[in-house]
file entry-v7.pdb (PDB, C-alpha atoms and all ligand atoms)
ATOM      1  CA  MET A   1       5.838  -1.012 -20.009
ATOM      2  CA  ALA A   2       9.405  -1.986 -19.344
ATOM      3  CA  GLU A   3       9.942  -5.730 -19.744
ATOM      4  CA  ASP A   4      12.397  -5.683 -16.874
ATOM      5  CA  SER A   5       9.943  -4.092 -14.431
ATOM      6  CA  LEU A   6      10.246  -5.367 -10.874
ATOM      7  CA  LEU A   7       6.536  -6.185 -10.760
ATOM      8  CA  ARG A   8       4.004  -6.080 -13.517
ATOM      9  CA  GLY A   9       0.397  -7.088 -13.955
ATOM     10  CA  ARG A  10      -1.482  -7.748 -17.175
ATOM     11  CA  GLY A  11      -5.212  -7.794 -17.771
ATOM     12  CA  LEU A  12      -6.076  -8.033 -14.108
ATOM     13  CA  THR A  13      -9.810  -8.405 -13.636
ATOM     14  CA  LYS A  14     -11.805  -9.126 -10.498
ATOM     15  CA  ARG A  15     -15.530  -9.718 -10.369
ATOM     16  CA  TYR A  16     -17.455 -10.087  -7.140
ATOM     17  CA  GLY A  17     -20.730 -11.589  -8.329
ATOM     18  CA  GLY A  18     -22.166  -8.947 -10.648
ATOM     19  CA  VAL A  19     -19.710  -6.235  -9.543
ATOM     20  CA  THR A  20     -16.600  -5.738 -11.657
ATOM     21  CA  ALA A  21     -14.231  -4.305  -9.046
ATOM     22  CA  LEU A  22     -11.234  -4.345 -11.395
ATOM     23  CA  ASP A  23     -11.526  -4.351 -15.172
ATOM     24  CA  ASP A  24      -8.555  -5.367 -17.335
ATOM     25  CA  VAL A  25      -5.905  -3.432 -15.399
ATOM     26  CA  SER A  26      -2.277  -3.557 -16.488
ATOM     27  CA  PHE A  27       0.485  -1.852 -14.536
ATOM     28  CA  HIS A  28       4.156  -2.001 -13.691
ATOM     29  CA  VAL A  29       6.455  -0.755 -10.982
ATOM     30  CA  ASP A  30      10.226  -0.569 -11.342
ATOM     31  CA  ALA A  31      13.047  -1.118  -8.873
ATOM     32  CA  GLY A  32      13.507   1.957  -6.669
ATOM     33  CA  GLU A  33      10.198   3.426  -7.780
ATOM     34  CA  ILE A  34       7.363   4.728  -5.617
ATOM     35  CA  LEU A  35       4.050   4.347  -7.399
ATOM     36  CA  GLY A  36       0.961   6.149  -6.119
ATOM     37  CA  LEU A  37      -2.345   4.339  -6.624
ATOM     38  CA  VAL A  38      -5.190   6.809  -6.268
ATOM     39  CA  GLY A  39      -8.878   7.090  -7.012
ATOM     40  CA  PRO A  40     -12.158   7.717  -5.244
ATOM     41  CA  ASN A  41     -13.833   5.317  -2.846
ATOM     42  CA  GLY A  42     -14.806   2.106  -4.646
ATOM     43  CA  ALA A  43     -12.390   2.668  -7.560
ATOM     44  CA  GLY A  44     -10.751  -0.727  -7.000
ATOM     45  CA  LYS A  45      -7.527   0.271  -5.206
ATOM     46  CA  THR A  46      -7.794  -2.257  -2.387
ATOM     47  CA  THR A  47      -8.918  -4.912  -4.852
ATOM     48  CA  LEU A  48      -5.705  -4.417  -6.850
ATOM     49  CA  VAL A  49      -3.638  -4.682  -3.654
ATOM     50  CA  ASP A  50      -5.577  -7.853  -2.753
ATOM     51  CA  LEU A  51      -4.884  -9.414  -6.162
ATOM     52  CA  ILE A  52      -1.174  -8.577  -5.960
ATOM     53  CA  SER A  53      -0.767  -9.822  -2.386
ATOM     54  CA  GLY A  54      -2.859 -12.936  -2.955
ATOM     55  CA  ALA A  55      -5.568 -12.011  -0.463
ATOM     56  CA  GLN A  56      -8.046 -12.441  -3.330
ATOM     57  CA  ALA A  57      -7.812 -14.611  -6.450
ATOM     58  CA  ALA A  58      -8.022 -12.762  -9.775
ATOM     59  CA  THR A  59     -10.880 -13.550 -12.132
ATOM     60  CA  ALA A  60      -8.403 -13.035 -14.996
ATOM     61  CA  GLY A  61      -4.924 -11.697 -15.590
ATOM     62  CA  GLU A  62      -1.368 -12.450 -14.550
ATOM     63  CA  LEU A  63       1.366 -11.037 -12.343
ATOM     64  CA  VAL A  64       5.124 -11.291 -12.803
ATOM     65  CA  LEU A  65       7.610 -10.456 -10.032
ATOM     66  CA  ARG A  66      11.291 -10.278 -11.012
ATOM     67  CA  GLY A  67      10.608 -12.302 -14.146
ATOM     68  CA  ALA A  68       8.748 -15.111 -12.391
ATOM     69  CA  ARG A  69       5.016 -15.712 -12.424
ATOM     70  CA  LEU A  70       3.497 -14.658  -9.106
ATOM     71  CA  SER A  71       0.750 -17.003  -7.940
ATOM     72  CA  GLY A  72      -0.527 -18.985  -5.010
ATOM     73  CA  PRO A  73      -1.549 -17.969  -1.514
ATOM     74  CA  ALA A  74      -0.529 -14.801   0.310
ATOM     75  CA  SER A  75       2.041 -16.711   2.402
ATOM     76  CA  ARG A  76       3.951 -17.827  -0.691
ATOM     77  CA  ARG A  77       3.828 -14.324  -2.156
ATOM     78  CA  ALA A  78       5.150 -12.899   1.115
ATOM     79  CA  ARG A  79       8.146 -15.217   0.849
ATOM     80  CA  ALA A  80       8.573 -14.166  -2.786
ATOM     81  CA  GLY A  81       9.025 -10.586  -1.541
ATOM     82  CA  LEU A  82       5.620  -8.929  -1.239
ATOM     83  CA  GLY A  83       4.880  -6.988   1.935
ATOM     84  CA  ARG A  84       1.598  -5.252   2.633
ATOM     85  CA  THR A  85      -0.387  -3.315   5.165
ATOM     86  CA  PHE A  86      -4.158  -3.257   5.377
ATOM     87  CA  GLN A  87      -6.647  -0.421   5.090
ATOM     88  CA  TYR A  88      -7.866  -1.635   8.500
ATOM     89  CA  PRO A  89      -4.754  -2.671  10.468
ATOM     90  CA  GLN A  90      -4.500  -6.397  11.160
ATOM     91  CA  LEU A  91      -2.167  -6.752  14.102
ATOM     92  CA  ALA A  92      -2.266  -9.562  16.648
ATOM     93  CA  LEU A  93      -4.007  -7.402  19.276
ATOM     94  CA  GLU A  94      -3.250  -9.733  22.188
ATOM     95  CA  LEU A  95       0.480  -9.601  21.477
ATOM     96  CA  SER A  96       2.861  -6.799  22.388
ATOM     97  CA  VAL A  97       4.208  -4.248  19.940
ATOM     98  CA  ARG A  98       7.585  -6.008  20.130
ATOM     99  CA  GLU A  99       6.037  -9.395  19.347
ATOM    100  CA  ASN A 100       4.116  -7.974  16.406
ATOM    101  CA  LEU A 101       7.313  -6.509  14.998
ATOM    102  CA  LEU A 102       9.108  -9.825  15.576
ATOM    103  CA  LEU A 103       6.377 -11.486  13.502
ATOM    104  CA  GLY A 104       7.556  -9.519  10.492
ATOM    105  CA  ARG A 105      11.099 -10.811  10.996
ATOM    106  CA  ALA A 106       9.846 -14.376  11.514
ATOM    107  CA  ALA A 107       7.753 -14.168   8.335
ATOM    108  CA  ARG A 108      10.963 -13.919   6.346
ATOM    109  CA  ARG A 109      11.729 -17.480   7.390
ATOM    110  CA  HIS A 110       8.271 -19.044   7.507
ATOM    111  CA  ALA A 111       5.410 -16.998   6.184
ATOM    112  CA  THR A 112       2.875 -19.442   7.568
ATOM    113  CA  VAL A 113       3.166 -17.658  10.924
ATOM    114  CA  TRP A 114       0.456 -15.362   9.638
ATOM    115  CA  ARG A 115      -2.028 -18.198   9.741
ATOM    116  CA  MET A 116      -1.232 -19.592  13.162
ATOM    117  CA  ALA A 117      -3.138 -18.813  16.313
ATOM    118  CA  ALA A 118      -1.409 -16.253  18.497
ATOM    119  CA  GLY A 119      -0.151 -18.861  20.968
ATOM    120  CA  ALA A 120       1.417 -20.923  18.205
ATOM    121  CA  VAL A 121       2.934 -17.779  16.763
ATOM    122  CA  LEU A 122       4.664 -17.083  20.055
ATOM    123  CA  GLY A 123       5.887 -20.670  20.138
ATOM    124  CA  ALA A 124       7.266 -20.328  16.627
ATOM    125  CA  LEU A 125       9.072 -17.149  17.625
ATOM    126  CA  ARG A 126      10.709 -18.556  20.774
ATOM    127  CA  PRO A 127      13.599 -18.315  21.201
ATOM    128  CA  ASP A 128      13.907 -15.063  19.237
ATOM    129  CA  PRO A 129      17.216 -14.909  17.494
ATOM    130  CA  PRO A 130      19.104 -12.029  19.162
ATOM    131  CA  ALA A 131      19.598 -10.499  15.723
ATOM    132  CA  ASP A 132      15.831 -10.209  15.330
ATOM    133  CA  ARG A 133      15.410  -8.583  18.728
ATOM    134  CA  ALA A 134      18.121  -6.045  17.954
ATOM    135  CA  ALA A 135      16.643  -5.376  14.505
ATOM    136  CA  VAL A 136      13.215  -4.780  16.016
ATOM    137  CA  GLU A 137      14.630  -2.308  18.555
ATOM    138  CA  ALA A 138      16.408  -0.437  15.754
ATOM    139  CA  LEU A 139      13.303  -0.457  13.581
ATOM    140  CA  ALA A 140      11.134   0.914  16.394
ATOM    141  CA  ALA A 141      13.647   3.679  17.094
ATOM    142  CA  GLU A 142      13.797   4.570  13.398
ATOM    143  CA  LEU A 143      10.004   4.816  13.122
ATOM    144  CA  GLY A 144       9.481   6.577  16.452
ATOM    145  CA  ILE A 145       7.546   3.661  17.964
ATOM    146  CA  GLU A 146       7.701   3.763  21.747
ATOM    147  CA  GLY A 147       6.521   1.395  24.471
ATOM    148  CA  LEU A 148       7.396  -1.927  22.848
ATOM    149  CA  ASP A 149       5.882  -3.895  25.721
ATOM    150  CA  ARG A 150       2.419  -2.391  25.321
ATOM    151  CA  LEU A 151      -0.282  -4.644  23.922
ATOM    152  CA  ALA A 152      -1.130  -3.875  20.291
ATOM    153  CA  GLY A 153      -4.793  -3.803  21.319
ATOM    154  CA  ASP A 154      -4.108  -0.796  23.552
ATOM    155  CA  LEU A 155      -2.670   1.354  20.748
ATOM    156  CA  THR A 156      -4.436   4.144  18.893
ATOM    157  CA  LEU A 157      -5.335   3.493  15.267
ATOM    158  CA  GLY A 158      -2.404   5.637  14.119
ATOM    159  CA  GLU A 159       0.027   3.716  16.351
ATOM    160  CA  GLN A 160      -1.341   0.395  15.083
ATOM    161  CA  ARG A 161      -0.751   1.552  11.526
ATOM    162  CA  LEU A 162       2.823   2.488  12.258
ATOM    163  CA  VAL A 163       3.497  -0.884  13.890
ATOM    164  CA  GLU A 164       1.903  -2.658  10.940
ATOM    165  CA  VAL A 165       4.072  -0.721   8.519
ATOM    166  CA  GLY A 166       7.088  -1.595  10.692
ATOM    167  CA  ARG A 167       6.121  -5.250  10.697
ATOM    168  CA  ALA A 168       5.897  -5.246   6.899
ATOM    169  CA  LEU A 169       9.259  -3.476   6.641
ATOM    170  CA  GLY A 170      10.794  -6.157   8.878
ATOM    171  CA  GLN A 171      10.053  -8.657   6.117
ATOM    172  CA  ASP A 172      12.373  -6.618   3.885
ATOM    173  CA  PRO A 173       9.882  -6.788   1.020
ATOM    174  CA  VAL A 174      10.878  -6.265  -2.597
ATOM    175  CA  VAL A 175       7.518  -4.611  -3.205
ATOM    176  CA  MET A 176       5.752  -2.915  -0.302
ATOM    177  CA  LEU A 177       2.004  -2.364  -0.690
ATOM    178  CA  LEU A 178       0.644   0.324   1.632
ATOM    179  CA  ASP A 179      -3.168   0.599   1.624
ATOM    180  CA  GLU A 180      -4.223   4.031   2.964
ATOM    181  CA  PRO A 181      -1.385   4.093   5.518
ATOM    182  CA  PHE A 182      -2.006   7.675   6.654
ATOM    183  CA  ALA A 183      -5.628   7.290   7.760
ATOM    184  CA  GLY A 184      -5.855   7.927  11.503
ATOM    185  CA  SER A 185      -2.161   8.823  11.762
ATOM    186  CA  ASP A 186      -0.867  11.828  13.662
ATOM    187  CA  ALA A 187       2.172  13.844  12.557
ATOM    188  CA  GLN A 188       4.583  11.318  14.108
ATOM    189  CA  GLY A 189       2.851   8.486  12.278
ATOM    190  CA  VAL A 190       2.999  10.285   8.939
ATOM    191  CA  LEU A 191       6.725  10.960   9.410
ATOM    192  CA  GLY A 192       7.339   7.318  10.348
ATOM    193  CA  ILE A 193       5.481   6.051   7.304
ATOM    194  CA  ALA A 194       7.293   8.489   5.020
ATOM    195  CA  GLU A 195      10.558   7.174   6.509
ATOM    196  CA  VAL A 196       9.529   3.594   5.726
ATOM    197  CA  ILE A 197       8.806   4.557   2.126
ATOM    198  CA  ARG A 198      12.246   6.153   1.805
ATOM    199  CA  THR A 199      13.917   3.124   3.385
ATOM    200  CA  VAL A 200      12.314   0.719   0.920
ATOM    201  CA  GLN A 201      13.351   2.953  -1.968
ATOM    202  CA  ARG A 202      16.920   3.239  -0.637
ATOM    203  CA  ARG A 203      17.134  -0.552  -0.687
ATOM    204  CA  GLY A 204      16.328  -0.395  -4.392
ATOM    205  CA  HIS A 205      12.902  -1.899  -3.836
ATOM    206  CA  ALA A 206       9.477  -0.553  -4.787
ATOM    207  CA  VAL A 207       6.476   0.886  -2.964
ATOM    208  CA  ILE A 208       2.871   1.011  -4.118
ATOM    209  CA  LEU A 209       1.242   3.718  -2.032
ATOM    210  CA  VAL A 210      -2.566   3.702  -2.023
ATOM    211  CA  ASP A 211      -4.592   6.695  -0.931
ATOM    212  CA  HIS A 212      -7.660   8.636  -2.038
ATOM    213  CA  ASN A 213      -5.859  11.908  -1.162
ATOM    214  CA  VAL A 214      -4.163  12.655  -4.475
ATOM    215  CA  ASP A 215      -2.392  15.778  -3.251
ATOM    216  CA  LEU A 216      -0.719  13.959  -0.365
ATOM    217  CA  VAL A 217       0.314  11.087  -2.639
ATOM    218  CA  ALA A 218       1.551  13.391  -5.410
ATOM    219  CA  GLY A 219       4.135  14.879  -3.046
ATOM    220  CA  LEU A 220       5.594  11.473  -2.163
ATOM    221  CA  VAL A 221       5.661   9.378  -5.327
ATOM    222  CA  ASP A 222       7.519   9.125  -8.643
ATOM    223  CA  ARG A 223       4.450   8.233 -10.685
ATOM    224  CA  ILE A 224       0.697   8.111 -10.216
ATOM    225  CA  MET A 225      -1.872   5.670 -11.474
ATOM    226  CA  LEU A 226      -5.449   6.917 -11.225
ATOM    227  CA  LEU A 227      -8.189   4.312 -11.007
ATOM    228  CA  ASP A 228     -11.855   4.966 -11.630
ATOM    229  CA  ARG A 229     -14.546   2.307 -11.521
ATOM    230  CA  GLY A 230     -12.016  -0.476 -11.892
ATOM    231  CA  ARG A 231     -10.090   0.997 -14.815
ATOM    232  CA  VAL A 232      -6.813   2.898 -15.138
ATOM    233  CA  VAL A 233      -7.669   6.374 -16.449
ATOM    234  CA  PHE A 234      -4.286   8.073 -15.909
ATOM    235  CA  ASP A 235      -0.730   6.757 -15.507
ATOM    236  CA  GLY A 236       2.118   9.240 -15.385
ATOM    237  CA  ASP A 237       3.718  12.234 -13.737
ATOM    238  CA  PRO A 238       2.123  13.252 -10.393
ATOM    239  CA  GLY A 239       2.000  16.956 -11.290
ATOM    240  CA  GLU A 240       0.402  16.202 -14.639
ATOM    241  CA  CYS A 241      -2.142  13.974 -12.919
ATOM    242  CA  LEU A 242      -3.264  16.810 -10.631
ATOM    243  CA  SER A 243      -4.031  19.078 -13.582
ATOM    244  CA  SER A 244      -5.289  16.378 -15.952
ATOM    245  CA  PRO A 245      -8.817  16.281 -17.406
ATOM    246  CA  GLU A 246      -9.066  12.697 -16.101
ATOM    247  CA  MET A 247      -8.508  13.956 -12.554
ATOM    248  CA  GLN A 248     -11.214  16.614 -13.023
ATOM    249  CA  THR A 249     -13.647  14.067 -14.415
ATOM    250  CA  VAL A 250     -13.031  11.482 -11.721
ATOM    251  CA  TYR A 251     -13.182  13.853  -8.755
ATOM    252  CA  PHE A 252     -15.620  16.514 -10.013
ATOM    253  CA  GLY A 253     -17.737  14.575 -12.466
ATOM    254  CA  SER A 254     -17.081  16.678 -15.565
ATOM    255  CA  VAL A 255     -14.440  18.553 -17.476
ATOM    256  CA  PRO A 256     -15.307  22.261 -17.632
ATOM    257  CA  ASP A 257     -15.459  23.465 -21.234
ATOM    258  CA  ALA A 258     -13.268  26.279 -22.524
ATOM    259  CA  ASP A 259     -15.829  29.088 -21.938
ATOM    260  CA  GLU A 260     -16.389  28.129 -18.337
ATOM    261  CA  LEU A 261     -12.687  27.741 -17.719
ATOM    262  CA  GLY A 262     -12.016  31.418 -18.329
ATOM    263  CA  GLU A 263     -14.441  32.499 -15.614
ATOM    264  CA  GLU A 264     -14.210  29.664 -13.183
ATOM    265  CA  THR A 265     -10.591  28.642 -13.057
ATOM    266  CA  GLY A 266     -10.190  30.301  -9.675
ATOM    267  CA  GLN A 267     -13.207  28.528  -8.286
ATOM    268  CA  ILE A 268     -12.080  25.159  -9.597
ATOM    269  CA  GLY A 269      -8.714  25.809  -8.025
ATOM    270  CA  GLU A 270     -10.392  26.272  -4.669
ATOM    271  CA  GLU A 271     -12.370  23.070  -5.093
ATOM    272  CA  VAL A 272      -9.177  21.189  -5.872
ATOM    273  CA  GLN A 273      -7.694  22.601  -2.690
ATOM    274  CA  ASP A 274     -10.730  21.413  -0.719
ATOM    275  CA  VAL A 275     -10.491  17.897  -2.053
ATOM    276  CA  ARG A 276      -6.776  17.762  -1.445
ATOM    277  CA  SER A 277      -6.890  18.987   2.118
TER     278      SER A 277
HETATM  279  N1  LIG A 301     -15.134  -8.747  -0.944
HETATM  280  C1  LIG A 301     -15.938  -8.038  -1.750
HETATM  281  N2  LIG A 301     -17.163  -8.525  -2.101
HETATM  282  C2  LIG A 301     -17.962  -7.819  -2.928
HETATM  283  N3  LIG A 301     -17.650  -6.625  -3.476
HETATM  284  C3  LIG A 301     -16.459  -6.103  -3.156
HETATM  285  C4  LIG A 301     -15.539  -6.770  -2.292
HETATM  286  N4  LIG A 301     -14.420  -5.995  -2.176
HETATM  287  C5  LIG A 301     -14.638  -4.903  -2.916
HETATM  288  N5  LIG A 301     -15.861  -4.968  -3.518
HETATM  289  C6  LIG A 301     -16.418  -3.949  -4.427
HETATM  290  O1  LIG A 301     -15.450  -3.700  -5.413
HETATM  291  C7  LIG A 301     -15.387  -2.307  -5.722
HETATM  292  C8  LIG A 301     -13.987  -1.786  -5.464
HETATM  293  O2  LIG A 301     -13.740  -1.792  -4.065
HETATM  294  P1  LIG A 301     -12.333  -1.462  -3.440
HETATM  295  O3  LIG A 301     -11.278  -2.215  -4.163
HETATM  296  O4  LIG A 301     -12.428  -1.694  -1.974
HETATM  297  O5  LIG A 301     -12.184   0.092  -3.764
HETATM  298  P2  LIG A 301     -11.245   1.206  -3.100
HETATM  299  O6  LIG A 301     -10.200   0.520  -2.276
HETATM  300  O7  LIG A 301     -10.687   1.968  -4.259
HETATM  301  O8  LIG A 301     -12.127   2.072  -2.260
HETATM  302  C9  LIG A 301     -16.457  -1.641  -4.889
HETATM  303  O9  LIG A 301     -17.626  -1.546  -5.659
HETATM  304  C10 LIG A 301     -16.651  -2.614  -3.752
HETATM  305  O10 LIG A 301     -17.949  -2.529  -3.226
HETATM  306 MG    MG A 302      -9.653   0.698  -0.279
END

call {"tool": "encode", "arguments": {"input": "entry-v7.pdb", "output": "structure tokens"}}
result
Amino acid sequence: MAEDSLLRGRGLTKRYGGVTALDDVSFHVDAGEILGLVGPNGAGKTTLVDLISGAQAATAGELVLRGARLSGPASRRARAGLGRTFQYPQLALELSVRENLLLGRAARRHATVWRMAAGAVLGALRPDPPADRAAVEALAAELGIEGLDRLAGDLTLGEQRLVEVGRALGQDPVVMLLDEPFAGSDAQGVLGIAEVIRTVQRRGHAVILVDHNVDLVAGLVDRIMLLDRGRVVFDGDPGECLSSPEMQTVYFGSVPDADELGEETGQIGEEVQDVRS
């Protein structure tokens, strides 16, 4: 791994009681890089995002962001430059879309807004610096988010996701962690999220894109890390990942031997298509 990586983790382990959710995982992501984090349900993807963002404390291991040890609560890590979205969107449902997006801008100044009750959050945001309001309007236009005065609680799941991604982008994170951002999204949502990923990369920052759909991820990222039962089983080129024995083993349970391959390559190809679609 490159010593000058933007973010790197070493020996990250997380145990929940008797369950080892993450087992001695090391990784890195470089400036301007989009890293795909894939693997089946329960592989440990969200756990890794939780350890990086500070939502969960690691049982063992260390993280280094831009040469400095990354530790402490999620609020401190947000100020250090980590932005994230959640597998299940966590917007302030009683606030408007505009206010939720403003929260992302406010978090750049005081990350503790995340912990305040909604009323206090509004107080902390008032008066909104005009620059923030203009930035939020521009951000919404860029992502295709309409109806800024609607309550977040009235949005579809896909719309909530897009707003959450927008809120995270408003923090201008150095590393953006997106946990299954496409689930529940319609075509507009997918385009908006893809635009966010490109924007972060254009800024020279990094994205860690989590999804179980390897085919979707492979088309968007520079490199893929495949997790299985808490361990990294593949780390490399997205195209190579799709055709790797590790991918076959993780998603189909076994690697076909040479004899079978001759006869069944076509069939396996179809199965891969099924899984990817
Ligand atoms: N808060 C938790 N308490 C107990 N077990 C957990 C918790 N979070 C995750 N796990 C377990 O850790 C493993 C990895 O889960 P997770 O990181 O959510 O996987 P993924 O996001 O890849 O689907 C699973 O076995 C899951 O049941
Ligand atoms: Mg998950």

call {"tool": "resolve_selection", "arguments": {"input": "entry-v7.pdb", "expression": "the PyMOL selection byres (((chain A and resi 224-234) around 6) and not hetatm)", "output": "PyMOL selection string"}}
result
chain A and resi 21-23+35-39+43-44+223+235-236+238

call {"tool": "residues_around", "arguments": {"input": "entry-v7.pdb", "residues": "region 136-151 of chain A", "least_positions_apart": "6", "cutoff": "8 Å", "atoms": "all atoms listed in the file", "output": "list in words"}}
result
Leu93, Glu94, Leu95, Ser96, Val97, Arg98, Leu101, Leu102, Glu159, Leu162, Val163, Gly166, Gly170, Gln188, Leu191, Gly192, Ile193, Glu195 and Val196 of chain A

call {"tool": "residues_around", "arguments": {"input": "entry-v7.pdb", "residues": "Leu209 (chain A)", "least_positions_apart": "2", "cutoff": "9 Å", "atoms": "only C-alpha atoms", "output": "PDB file with C-alpha atoms, in the frame of the given file"}}
result
ATOM      1  CA  ILE A  34       7.363   4.728  -5.617  1.00  0.00           C
ATOM      2  CA  LEU A  35       4.050   4.347  -7.399  1.00  0.00           C
ATOM      3  CA  GLY A  36       0.961   6.149  -6.119  1.00  0.00           C
ATOM      4  CA  LEU A  37      -2.345   4.339  -6.624  1.00  0.00           C
ATOM      5  CA  VAL A  38      -5.190   6.809  -6.268  1.00  0.00           C
ATOM      6  CA  MET A 176       5.752  -2.915  -0.302  1.00  0.00           C
ATOM      7  CA  LEU A 177       2.004  -2.364  -0.690  1.00  0.00           C
ATOM      8  CA  LEU A 178       0.644   0.324   1.632  1.00  0.00           C
ATOM      9  CA  ASP A 179      -3.168   0.599   1.624  1.00  0.00           C
ATOM     10  CA  GLU A 180      -4.223   4.031   2.964  1.00  0.00           C
ATOM     11  CA  PRO A 181      -1.385   4.093   5.518  1.00  0.00           C
ATOM     12  CA  ILE A 197       8.806   4.557   2.126  1.00  0.00           C
ATOM     13  CA  VAL A 207       6.476   0.886  -2.964  1.00  0.00           C
ATOM     14  CA  ASP A 211      -4.592   6.695  -0.931  1.00  0.00           C
ATOM     15  CA  VAL A 217       0.314  11.087  -2.639  1.00  0.00           C
ATOM     16  CA  LEU A 220       5.594  11.473  -2.163  1.00  0.00           C
ATOM     17  CA  VAL A 221       5.661   9.378  -5.327  1.00  0.00           C
TER      18      VAL A 221
END

call {"tool": "axis_aligned_box", "arguments": {"input": "entry-v7.pdb", "around": "region 73-86 of chain A", "padding_each_side": "8 Å", "output": "JSON"}}
result
{"center_x": 2.4, "center_y": -10.6, "center_z": 1.3, "size_x": 29.2, "size_y": 30.7, "size_z": 24.2}

call {"tool": "atom_distance", "arguments": {"input": "entry-v7.pdb", "atom1": "CA of Arg15 (chain A)", "atom2": "CA of Thr59 (chain A)"}}
result
6.3 Å

call {"tool": "residues_around", "arguments": {"input": "entry-v7.pdb", "residues": "Ala60 (chain A)", "least_positions_apart": "4", "cutoff": "9 Å", "atoms": "all atoms listed in the file", "output": "number ranges by chain"}}
result
A: 10-14, 24

call {"tool": "residues_near_ligand", "arguments": {"input": "entry-v7.pdb", "ligand": "ligand MG 302 (chain A)", "cutoff": "7 Å", "atoms": "all atoms listed in the file", "output": "PyMOL selection string"}}
result
chain A and resi 41-42+44-46+87+179

call {"tool": "residues_around", "arguments": {"input": "entry-v7.pdb", "residues": "Arg76 (chain A)", "least_positions_apart": "2", "cutoff": "10 Å", "atoms": "all atoms listed in the file", "output": "PDB file with C-alpha atoms, keeping the file's coordinate frame"}}
result
ATOM      1  CA  SER A  53      -0.767  -9.822  -2.386  1.00  0.00           C
ATOM      2  CA  GLY A  54      -2.859 -12.936  -2.955  1.00  0.00           C
ATOM      3  CA  LEU A  70       3.497 -14.658  -9.106  1.00  0.00           C
ATOM      4  CA  SER A  71       0.750 -17.003  -7.940  1.00  0.00           C
ATOM      5  CA  GLY A  72      -0.527 -18.985  -5.010  1.00  0.00           C
ATOM      6  CA  PRO A  73      -1.549 -17.969  -1.514  1.00  0.00           C
ATOM      7  CA  ALA A  74      -0.529 -14.801   0.310  1.00  0.00           C
ATOM      8  CA  ALA A  78       5.150 -12.899   1.115  1.00  0.00           C
ATOM      9  CA  ARG A  79       8.146 -15.217   0.849  1.00  0.00           C
ATOM     10  CA  ALA A  80       8.573 -14.166  -2.786  1.00  0.00           C
ATOM     11  CA  GLY A  81       9.025 -10.586  -1.541  1.00  0.00           C
ATOM     12  CA  LEU A  82       5.620  -8.929  -1.239  1.00  0.00           C
ATOM     13  CA  HIS A 110       8.271 -19.044   7.507  1.00  0.00           C
ATOM     14  CA  ALA A 111       5.410 -16.998   6.184  1.00  0.00           C
ATOM     15  CA  THR A 112       2.875 -19.442   7.568  1.00  0.00           C
TER      16      THR A 112
END

call {"tool": "closest_residue", "arguments": {"input": "entry-v7.pdb", "among": "A:Asp4, A:Met247, A:Thr47, A:Ala183", "to": "Val19 (chain A)", "atoms": "only C-alpha atoms"}}
result
A:Thr47

call {"tool": "atom_distance", "arguments": {"input": "entry-v7.pdb", "atom1": "CA of His28 (chain A)", "atom2": "CA of Val250 (chain A)"}}
result
21.9 Å

call {"tool": "residues_around", "arguments": {"input": "entry-v7.pdb", "residues": "Ala92 (chain A)", "least_positions_apart": "2", "cutoff": "8 Å", "atoms": "all atoms listed in the file", "output": "PyMOL selection string"}}
result
chain A and resi 90+94-95+100+118+152-153

call {"tool": "closest_residue", "arguments": {"input": "entry-v7.pdb", "among": "A:Leu6, A:Ala31, A:Val174, A:Val49", "to": "ligand LIG 301 (chain A)", "atoms": "only C-alpha atoms and all ligand atoms"}}
result
A:Val49

call {"tool": "resolve_selection", "arguments": {"input": "entry-v7.pdb", "expression": "the PyMOL selection byres (((chain A and resi 205) around 7) and not hetatm)", "output": "PDB file with C-alpha atoms, in the frame of the given file"}}
result
ATOM      1  CA  ALA A  31      13.047  -1.118  -8.873  1.00  0.00           C
ATOM      2  CA  GLY A  32      13.507   1.957  -6.669  1.00  0.00           C
ATOM      3  CA  VAL A 174      10.878  -6.265  -2.597  1.00  0.00           C
ATOM      4  CA  VAL A 175       7.518  -4.611  -3.205  1.00  0.00           C
ATOM      5  CA  VAL A 200      12.314   0.719   0.920  1.00  0.00           C
ATOM      6  CA  GLN A 201      13.351   2.953  -1.968  1.00  0.00           C
ATOM      7  CA  ARG A 203      17.134  -0.552  -0.687  1.00  0.00           C
ATOM      8  CA  GLY A 204      16.328  -0.395  -4.392  1.00  0.00           C
ATOM      9  CA  ALA A 206       9.477  -0.553  -4.787  1.00  0.00           C
TER      10      ALA A 206
END
